[in-house]
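*Asks:* The following file, final_3.cif, comprises mmCIF, C-alpha atoms:
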```
data_target
#
loop_
_atom_site.label_atom_id
_atom_site.label_comp_id
_atom_site.auth_asym_id
_atom_site.auth_seq_id
_atom_site.Cartn_x
_atom_site.Cartn_y
_atom_site.Cartn_z
CA MET A 1 131.69 -146.47 166.54
CA LEU A 2 129.65 -145.39 163.71
CA LYS A 3 131.11 -142.66 161.78
CA LYS A 4 128.78 -139.80 161.55
CA LYS A 5 128.34 -138.74 158.04
CA LYS A 6 129.27 -135.17 158.01
CA LYS A 7 127.25 -133.33 155.51
CA ASP A 8 127.47 -129.73 154.56
CA ALA A 9 124.90 -127.45 156.08
CA PRO A 10 121.58 -128.27 154.48
CA GLU A 11 120.67 -125.74 151.87
CA ILE A 12 117.25 -124.67 150.75
CA ASN A 13 117.03 -124.41 147.07
CA GLY A 14 116.54 -120.76 146.43
CA GLY A 15 116.33 -120.95 142.71
CA ALA A 16 112.57 -120.83 142.65
CA MET A 17 112.38 -117.77 144.83
CA ALA A 18 112.97 -115.47 141.91
CA ASP A 19 110.12 -117.13 140.07
CA ILE A 20 107.74 -116.64 142.96
CA ALA A 21 108.80 -113.04 143.34
CA PHE A 22 108.32 -112.54 139.63
CA LEU A 23 104.83 -113.91 139.84
CA LEU A 24 103.91 -111.53 142.64
CA LEU A 25 105.59 -108.67 140.85
CA ILE A 26 103.60 -109.26 137.71
CA PHE A 27 100.40 -109.43 139.72
CA PHE A 28 101.05 -106.06 141.32
CA LEU A 29 102.21 -104.57 138.06
CA VAL A 30 98.90 -105.47 136.49
CA ALA A 31 96.82 -104.45 139.50
CA THR A 32 98.50 -101.08 139.92
CA THR A 33 96.85 -97.98 138.61
CA ILE A 34 99.20 -95.23 139.54
CA ALA A 35 96.64 -92.68 140.53
CA SER A 36 97.09 -89.44 138.65
CA ASP A 37 95.10 -87.12 140.81
CA LYS A 38 95.55 -83.98 138.89
CA GLY A 39 93.03 -81.50 137.76
CA VAL A 40 91.88 -77.94 137.48
CA THR A 41 91.08 -76.63 140.95
CA VAL A 42 88.38 -74.06 141.38
CA MET A 43 86.69 -72.59 144.42
CA LEU A 44 82.94 -72.33 144.24
CA PRO A 45 81.33 -69.26 145.73
CA PRO A 46 79.54 -69.98 149.00
CA LYS A 47 75.82 -70.42 148.97
CA ALA A 48 74.50 -67.12 150.12
CA GLU A 49 71.51 -64.94 149.75
CA ASP A 50 71.65 -63.01 146.55
CA VAL A 51 73.71 -59.97 147.24
CA ASP A 52 73.52 -57.28 144.66
CA VAL A 53 77.04 -56.24 144.03
CA LYS A 54 77.33 -53.20 141.87
CA VAL A 55 79.98 -53.74 139.27
CA LYS A 56 80.65 -51.35 136.47
CA THR A 57 79.93 -52.90 133.11
CA ARG A 58 83.34 -51.96 131.81
CA ASN A 59 84.93 -54.18 134.45
CA VAL A 60 83.10 -57.28 133.34
CA PHE A 61 84.32 -59.46 130.51
CA ASN A 62 81.46 -61.55 129.22
CA ILE A 63 81.96 -65.01 127.83
CA LEU A 64 79.02 -66.99 126.53
CA VAL A 65 79.23 -70.55 125.31
CA ASN A 66 76.18 -72.03 123.62
CA SER A 67 75.13 -75.63 123.18
CA ASN A 68 77.02 -75.91 119.91
CA ASP A 69 80.21 -75.02 121.76
CA ASP A 70 80.42 -71.68 119.96
CA MET A 71 81.98 -69.01 122.07
CA LEU A 72 81.12 -65.36 122.26
CA ALA A 73 83.50 -63.06 124.10
CA GLN A 74 82.46 -59.43 124.43
CA GLU A 75 79.92 -60.02 121.65
CA GLU A 76 82.51 -61.33 119.28
CA MET A 77 82.88 -64.89 118.12
CA VAL A 78 86.28 -66.18 119.12
CA ASP A 79 88.29 -69.36 119.52
CA LEU A 80 90.34 -70.35 122.54
CA PRO A 81 93.75 -68.77 121.72
CA LYS A 82 92.01 -65.53 120.71
CA LEU A 83 90.12 -65.57 124.00
CA ARG A 84 93.38 -65.66 125.91
CA THR A 85 94.79 -62.58 124.19
CA MET A 86 91.49 -60.75 124.63
CA VAL A 87 91.34 -61.55 128.34
CA LYS A 88 94.92 -60.41 128.83
CA GLU A 89 94.25 -57.15 127.02
CA PHE A 90 91.10 -56.63 129.03
CA VAL A 91 92.64 -57.26 132.43
CA LEU A 92 95.86 -55.36 131.84
CA ASN A 93 94.08 -52.33 130.41
CA ASN A 94 94.55 -50.19 133.53
CA GLY A 95 91.98 -47.64 132.51
CA LYS A 96 93.39 -46.74 129.11
CA ASP A 97 90.51 -47.93 126.98
CA PRO A 98 87.14 -46.77 128.35
CA ASN A 99 85.52 -50.06 127.30
CA GLN A 100 87.99 -52.26 129.12
CA SER A 101 88.73 -52.82 132.79
CA GLU A 102 89.79 -50.05 135.15
CA SER A 103 92.48 -52.09 136.84
CA ALA A 104 93.56 -55.69 137.05
CA ALA A 105 92.22 -55.96 140.58
CA LYS A 106 88.74 -54.89 139.49
CA ALA A 107 88.45 -57.00 136.36
CA ILE A 108 85.91 -59.78 136.52
CA ILE A 109 85.39 -62.54 133.99
CA SER A 110 81.84 -63.75 133.67
CA LEU A 111 81.50 -67.15 132.10
CA LYS A 112 78.06 -68.36 131.14
CA THR A 113 77.41 -71.74 129.70
CA ASP A 114 74.33 -73.42 128.35
CA ARG A 115 73.00 -76.69 129.71
CA GLY A 116 74.00 -78.26 126.43
CA THR A 117 77.59 -77.04 126.41
CA SER A 118 80.01 -79.94 126.44
CA TYR A 119 82.23 -80.40 129.44
CA GLU A 120 85.30 -80.59 127.26
CA MET A 121 84.63 -77.09 125.97
CA TYR A 122 84.01 -75.78 129.48
CA ILE A 123 87.28 -77.19 130.77
CA GLY A 124 88.99 -75.77 127.69
CA VAL A 125 87.73 -72.28 128.53
CA ILE A 126 88.58 -72.56 132.23
CA ASP A 127 92.03 -73.83 131.32
CA GLU A 128 92.56 -70.96 128.90
CA LEU A 129 91.54 -68.44 131.58
CA LYS A 130 93.87 -70.05 134.10
CA LEU A 131 96.70 -69.89 131.60
CA ALA A 132 95.94 -66.26 130.78
CA TYR A 133 96.13 -65.38 134.47
CA ALA A 134 99.29 -67.43 134.96
CA GLU A 135 100.91 -65.58 132.08
CA MET A 136 99.86 -62.21 133.42
CA ARG A 137 101.13 -63.02 136.90
CA ALA A 138 104.38 -64.30 135.49
CA MET A 139 104.73 -61.04 133.59
CA PHE A 140 103.91 -59.09 136.74
CA LEU A 141 106.68 -60.90 138.62
CA LYS A 142 108.97 -60.42 135.62
CA MET A 143 109.80 -64.06 135.23
CA PRO A 144 109.21 -66.62 132.50
CA LEU A 145 105.97 -68.56 132.68
CA GLU A 146 107.74 -71.81 133.44
CA ASP A 147 109.51 -70.35 136.45
CA TYR A 148 106.21 -68.99 137.71
CA GLN A 149 104.55 -72.36 137.39
CA ASN A 150 107.38 -73.96 139.32
CA LEU A 151 107.05 -71.63 142.30
CA ASP A 152 106.55 -73.58 145.47
CA LYS A 153 103.88 -72.66 148.00
CA GLU A 154 105.86 -74.28 150.81
CA ASN A 155 108.84 -72.02 150.32
CA PRO A 156 108.15 -68.76 152.23
CA ASP A 157 110.18 -66.62 149.85
CA GLN A 158 108.37 -67.96 146.81
CA LYS A 159 105.02 -67.91 148.58
CA GLU A 160 105.46 -64.19 149.14
CA LYS A 161 105.89 -63.72 145.40
CA LEU A 162 102.83 -65.82 144.65
CA ASP A 163 100.76 -63.85 147.14
CA ARG A 164 101.95 -60.58 145.69
CA ALA A 165 101.01 -61.65 142.17
CA ARG A 166 97.69 -62.99 143.37
CA LYS A 167 96.89 -59.72 145.08
CA ALA A 168 97.79 -57.59 142.09
CA ILE A 169 95.95 -59.77 139.58
CA PRO A 170 93.25 -61.69 141.42
CA TYR A 171 91.58 -64.52 139.56
CA LYS A 172 87.96 -63.49 139.53
CA VAL A 173 85.86 -65.73 137.40
CA SER A 174 82.18 -65.98 138.05
CA ASP A 175 80.75 -69.13 136.58
CA ALA A 176 78.67 -70.71 139.27
CA GLU A 177 75.27 -69.42 138.26
CA PRO A 178 73.77 -71.36 135.42
CA SER A 179 71.69 -69.38 132.99
CA GLU A 180 68.03 -69.68 133.81
CA ILE A 181 65.67 -70.35 130.99
CA LYS A 182 62.91 -67.82 131.12
CA MET B 1 158.01 -115.96 117.57
CA ALA B 2 156.72 -115.74 121.01
CA THR B 3 153.17 -116.75 121.38
CA PHE B 4 150.98 -115.40 124.07
CA LYS B 5 148.80 -117.83 125.73
CA LYS B 6 145.35 -116.48 125.93
CA LYS B 7 144.06 -116.44 129.42
CA THR B 8 140.60 -117.86 129.41
CA LYS B 9 140.05 -118.14 133.07
CA THR B 10 137.30 -115.54 133.33
CA LYS B 11 133.93 -117.01 134.04
CA GLN B 12 131.36 -116.60 131.37
CA ASP B 13 128.12 -116.69 133.40
CA ILE B 14 126.63 -113.70 135.10
CA PRO B 15 126.00 -114.20 138.79
CA THR B 16 122.26 -114.30 139.27
CA SER B 17 122.17 -114.69 143.01
CA ALA B 18 121.14 -111.05 143.46
CA LEU B 19 118.24 -111.37 141.05
CA PRO B 20 115.64 -112.30 143.69
CA ASP B 21 116.69 -109.29 145.72
CA ILE B 22 116.15 -106.95 142.80
CA ILE B 23 112.81 -108.50 142.01
CA PHE B 24 111.76 -108.23 145.63
CA MET B 25 112.69 -104.59 145.63
CA LEU B 26 110.50 -103.96 142.61
CA LEU B 27 107.78 -106.05 144.18
CA PHE B 28 107.76 -103.98 147.34
CA PHE B 29 107.66 -100.79 145.33
CA PHE B 30 104.60 -101.88 143.43
CA MET B 31 102.97 -103.27 146.55
CA ILE B 32 103.27 -99.87 148.21
CA ALA B 33 102.34 -97.87 145.13
CA THR B 34 99.23 -99.92 144.48
CA THR B 35 95.93 -98.41 145.39
CA PHE B 36 93.14 -100.73 144.59
CA ARG B 37 90.28 -99.00 142.92
CA GLU B 38 87.72 -99.05 145.64
CA SER B 39 84.74 -98.68 143.39
CA GLU B 40 84.05 -100.16 140.03
CA LEU B 41 83.18 -97.61 137.41
CA LEU B 42 79.61 -97.72 136.24
CA VAL B 43 79.93 -94.73 133.96
CA LYS B 44 82.15 -93.92 131.02
CA ASN B 45 85.04 -91.88 132.16
CA SER B 46 87.49 -90.48 129.69
CA LEU B 47 88.87 -87.30 131.16
CA PRO B 48 89.38 -84.08 129.21
CA GLN B 49 92.77 -82.50 128.73
CA ALA B 50 94.03 -79.32 130.33
CA SER B 51 97.41 -77.73 130.86
CA GLU B 52 97.04 -75.75 134.08
CA LEU B 53 96.81 -78.62 136.51
CA THR B 54 97.27 -78.74 140.23
CA LYS B 55 98.09 -81.92 142.05
CA LEU B 56 95.75 -83.02 144.78
CA GLU B 57 97.47 -83.11 148.10
CA LYS B 58 96.27 -85.10 151.09
CA LYS B 59 94.43 -87.96 149.49
CA SER B 60 92.48 -88.59 152.66
CA LEU B 61 90.62 -85.30 152.22
CA VAL B 62 89.55 -86.09 148.70
CA SER B 63 86.18 -87.50 147.77
CA TYR B 64 85.36 -88.56 144.26
CA ILE B 65 82.29 -88.08 142.12
CA TYR B 66 82.08 -89.62 138.68
CA ILE B 67 79.81 -88.28 135.98
CA GLY B 68 79.25 -89.73 132.56
CA GLU B 69 77.12 -91.87 130.33
CA PRO B 70 76.40 -95.23 132.02
CA SER B 71 78.44 -98.11 130.66
CA ASP B 72 75.39 -100.34 130.80
CA THR B 73 73.14 -98.29 128.55
CA ARG B 74 70.45 -100.93 128.34
CA LYS B 75 69.90 -100.82 132.06
CA PHE B 76 70.47 -97.16 132.86
CA GLY B 77 69.85 -95.33 129.59
CA THR B 78 72.19 -93.04 127.73
CA GLU B 79 71.68 -89.90 129.78
CA ALA B 80 74.73 -88.93 131.86
CA ARG B 81 74.53 -90.11 135.46
CA ILE B 82 76.36 -89.46 138.70
CA GLN B 83 78.25 -92.17 140.49
CA VAL B 84 79.55 -92.06 144.03
CA ASN B 85 81.15 -95.07 145.65
CA ASP B 86 79.42 -97.99 143.97
CA VAL B 87 76.05 -96.58 143.11
CA LEU B 88 74.42 -94.25 140.64
CA ILE B 89 72.59 -91.41 142.35
CA ASP B 90 70.44 -88.42 141.49
CA PRO B 91 71.69 -84.86 141.95
CA GLU B 92 69.37 -84.47 144.95
CA GLN B 93 71.31 -87.11 146.88
CA ILE B 94 74.63 -85.33 146.54
CA VAL B 95 74.12 -83.12 149.58
CA GLN B 96 73.54 -86.18 151.73
CA HIS B 97 76.60 -87.89 150.26
CA VAL B 98 78.82 -84.91 150.95
CA ILE B 99 77.57 -84.70 154.54
CA GLN B 100 78.41 -88.38 155.02
CA GLU B 101 81.87 -87.89 153.57
CA LYS B 102 82.44 -84.89 155.81
CA ASP B 103 81.37 -86.88 158.85
CA LYS B 104 83.91 -89.54 157.99
CA LEU B 105 86.69 -86.96 158.11
CA GLY B 106 85.57 -85.66 161.51
CA GLU B 107 87.28 -82.41 162.38
CA ASP B 108 88.74 -81.92 158.94
CA GLY B 109 85.34 -82.17 157.33
CA ASP B 110 85.39 -78.63 156.07
CA LYS B 111 88.67 -79.13 154.28
CA ILE B 112 87.14 -81.68 151.96
CA THR B 113 88.05 -81.50 148.30
CA MET B 114 85.60 -82.87 145.80
CA SER B 115 87.30 -84.40 142.83
CA LEU B 116 84.92 -84.44 139.90
CA LYS B 117 85.86 -87.04 137.36
CA ILE B 118 83.65 -86.08 134.50
CA ASP B 119 83.53 -87.65 131.08
CA ARG B 120 84.54 -85.25 128.37
CA GLU B 121 81.30 -85.79 126.52
CA ALA B 122 79.08 -84.90 129.46
CA LYS B 123 76.94 -81.81 129.19
CA MET B 124 77.11 -78.77 131.45
CA GLY B 125 73.49 -79.15 132.55
CA ILE B 126 74.10 -82.02 134.93
CA ILE B 127 77.43 -80.55 135.99
CA SER B 128 75.93 -77.24 137.04
CA ASP B 129 73.24 -79.13 138.95
CA VAL B 130 75.97 -80.95 140.82
CA ARG B 131 77.82 -77.73 141.40
CA GLN B 132 74.77 -76.08 142.92
CA LYS B 133 74.33 -79.05 145.24
CA LEU B 134 77.97 -78.87 146.28
CA ARG B 135 77.52 -75.22 147.14
CA GLU B 136 74.48 -76.16 149.16
CA ALA B 137 76.51 -78.78 151.00
CA ASN B 138 79.29 -76.25 151.52
CA ALA B 139 81.93 -78.32 149.77
CA LEU B 140 83.45 -75.48 147.86
CA LYS B 141 86.85 -76.77 146.89
CA VAL B 142 86.39 -78.57 143.63
CA ASN B 143 88.90 -80.21 141.38
CA TYR B 144 87.96 -81.07 137.84
CA ALA B 145 90.12 -84.08 137.09
CA ALA B 146 91.95 -83.79 133.79
CA ASN B 147 94.89 -85.22 131.97
CA LYS B 148 97.96 -83.26 131.10
CA LYS B 149 97.89 -81.44 127.81
CA LEU B 150 101.13 -80.20 126.34
CA ARG B 151 101.02 -76.79 124.77
CA ASN B 152 103.50 -75.53 122.26
CA PHE B 153 103.77 -71.82 122.29
#
```
Turn the structure described in the file into structure tokens.

*Replies:*
Amino acid sequence: MLKKKKKDAPEINGGAMADIAFLLLIFFLVATTIASDKGVTVMLPPKAEDVDVKVKTRNVFNILVNSNDDMLAQEEMVDLPKLRTMVKEFVLNNGKDPNQSESAAKAIISLKTDRGTSYEMYIGVIDELKLAYAEMRAMFLKMPLEDYQNLDKENPDQKEKLDRARKAIPYKVSDAEPSEIK
Amino acid sequence: MATFKKKTKTKQDIPTSALPDIIFMLLFFFMIATTFRESELLVKNSLPQASELTKLEKKSLVSYIYIGEPSDTRKFGTEARIQVNDVLIDPEQIVQHVIQEKDKLGEDGDKITMSLKIDREAKMGIISDVRQKLREANALKVNYAANKKLRNF
């Protein structure tokens, strides 16, 4: 009888597997662009027939940005950090100064840009306004700005706070209408 | 004096048999995290910086519009243009594009978010044109894509 050669269980050489996996890994590493979908969210006003809303002039904070990216706030030339303090003063006036807003809920920011204004400047202004409102709301809720920014919409308790702040200090910025050249 | 015999029985090589497993794990992570850019950019697109950012939720409800100077200036000129999907379009065609995108979403069409990826050097003229068209198309939720800016108070 022939003696069967008893071999060990046949093994597949797995040494190259790591190399293959590495190759694939490197491919995906290079191909991946981890999408950073972040940005400044705004709601545009709906397209409607022109409705004349009567707003007292004292409740409107005018910002004009020209094509040289110079900014005029309440007829005063300002830079971005100055704008923030001015907006905060204006909104939180509560009727004290007759030239500033009556109450935070009534204050409106009007932002007008020129067709030649750069987008970077525009985003800078919008960002500054958003930050001003975030700071005011944080102050309203008596918490540090960072805590306010970390409030979670999904959490009902925290959502209530956000809603309360939003109601007391609504973000009213009118910037949809471009200035017509006449 | 008593001498201690040094035990040198410990193996010197690191077991590498788990290496493929680790690599595979990484591989799967990147395979899942990868989203292939569905359209090639035809316009310059370096985003501005801002600090007050919100993250876009529900990627399926997001539609992108790119605005910037064309990369191929000899063919398309230096004036900022609008790109959707793979083509450059005029502002007039935006309404039609938004309607198509809304149709794709079916019932959720009204919840569409337009993500505007605009080059920082673009001018407000073209942007306000686009904005007017978006209002016309009733796509009111707009996100201006931006990169994170750190502020030091």

*Asks:* Could you make a table, as a tab-separated table, of the residues of segment 108-142 of chain B that have an atom within 6 Å of an atom of segment 63-87 of chain B, each with its nearest atom pair and distance in Å to one decimal, counting only C-alpha atoms, in chain and number order?

*Replies:*
```
residue	atom	partner	partner_atom	distance
B:Met114	CA	B:Ser63	CA	5.1
B:Ser115	CA	B:Tyr64	CA	4.8
B:Leu116	CA	B:Ile65	CA	5.0
B:Lys117	CA	B:Tyr66	CA	4.8
B:Ile118	CA	B:Ile67	CA	4.7
B:Asp119	CA	B:Gly68	CA	5.0
B:Ala122	CA	B:Gly68	CA	5.7
```

*Asks:* Just how far from atom CA of Leu72 of chain A is atom CA of Leu140 of chain B, in Å to one decimal?

*Replies:* 27.6 Å

*Asks:* In the coordinates of the file, take the point (86.8, -60.4, 120.2) and a cut-off of 10 Å; then, counting only C-alpha atoms, name each qualifying protein, DNA or RNA residue as number ranges by chain.

*Replies:* A: 72-79, 82-83, 85-87

*Asks:* Interatomic distance between atom CA of Leu151 of chain A and atom CA of Met139 of chain A?

*Replies:*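 Computed distance, atom CA of Leu151 of chain A to atom CA of Met139 of chain A, equals 13.9 Å.
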
*Asks:* Determine the residue membership of the PyMOL selection byres ((chain A) within 8 of (chain B)) for the file above and supply it as a VMD selection string.

*Replies:* chain A and resid 17 to 18 21 to 22 24 to 25 28 to 29 31 to 35 37 to 47 113 to 120 122 to 124 127 130 to 131 176 to 178

*Asks:* Can you tell me how far atom CA of Val173 of chain A sits from atom CA of Asp147 of chain A, in Å to one decimal?

*Replies:*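 For atom CA of Val173 of chain A relative to atom CA of Asp147 of chain A, the distance reads 24.1 Å.
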
*Asks:* Residue by residue, what does the PyMOL selection byres ((chain A and resi 105) around 12) grab here? Present the result as a list in words.

*Replies:* Asn59, Val60, Phe90, Val91, Leu92, Asn93, Asn94, Gly95, Ser101, Glu102, Ser103, Ala104, Lys106, Ala107, Ile108, Ile109, Tyr133, Arg137, Arg164, Ala165, Arg166, Lys167, Ala168, Ile169, Pro170, Tyr171 and Lys172 of chain A

*Asks:* From the list A:Asp152, A:Asp163, A:Glu11, A:Asp70, which residue is nearest Phe140 of chain A when using all atoms listed in the file?

*Replies:*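 For Phe140 of chain A, the nearest of the given residues is A:Asp163.
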
*Asks:* Counting only C-alpha atoms, select every polymer residue within 7 Å of (78.5, -62.5, 130.8) as defined in the file's coordinates, and provide the selection as a PDB file with C-alpha atoms, in the frame of the given file.

*Replies:*
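As written to disk, selection-v8.pdb reads:
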```pdb
ATOM      1  CA  PHE A  61      84.320 -59.460 130.510  1.00  0.00           C
ATOM      2  CA  ASN A  62      81.460 -61.550 129.220  1.00  0.00           C
ATOM      3  CA  ILE A  63      81.960 -65.010 127.830  1.00  0.00           C
ATOM      4  CA  LEU A  64      79.020 -66.990 126.530  1.00  0.00           C
ATOM      5  CA  SER A 110      81.840 -63.750 133.670  1.00  0.00           C
ATOM      6  CA  LEU A 111      81.500 -67.150 132.100  1.00  0.00           C
ATOM      7  CA  LYS A 112      78.060 -68.360 131.140  1.00  0.00           C
TER       8      LYS A 112
END
```

*Asks:* For this structure, which residues satisfy the selection - the PyMOL selection byres ((chain B and resi 100) around 12) - when it is evaluated on the file as given? I want them as a list in words.

*Replies:*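 Written out, the selection comes to Ser63, Val84, Asn85, Gln93, Ile94, Val95, Gln96, His97, Val98, Ile99, Glu101, Lys102, Asp103, Lys104, Leu105, Gly106, Gly109, Ile112, Ala137 and Ala139 of chain B.
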
*Asks:* Work out where the centre of an axis-aligned box around every listed atom of segment 156-159 of chain A lies and how long its edges are once 5 Å is added on each side; give both in Å to one decimal as AutoDock Vina command-line options.

*Replies:*
```
--center_x 107.6 --center_y -67.7 --center_z 149.5 --size_x 15.2 --size_y 12.1 --size_z 15.4
```
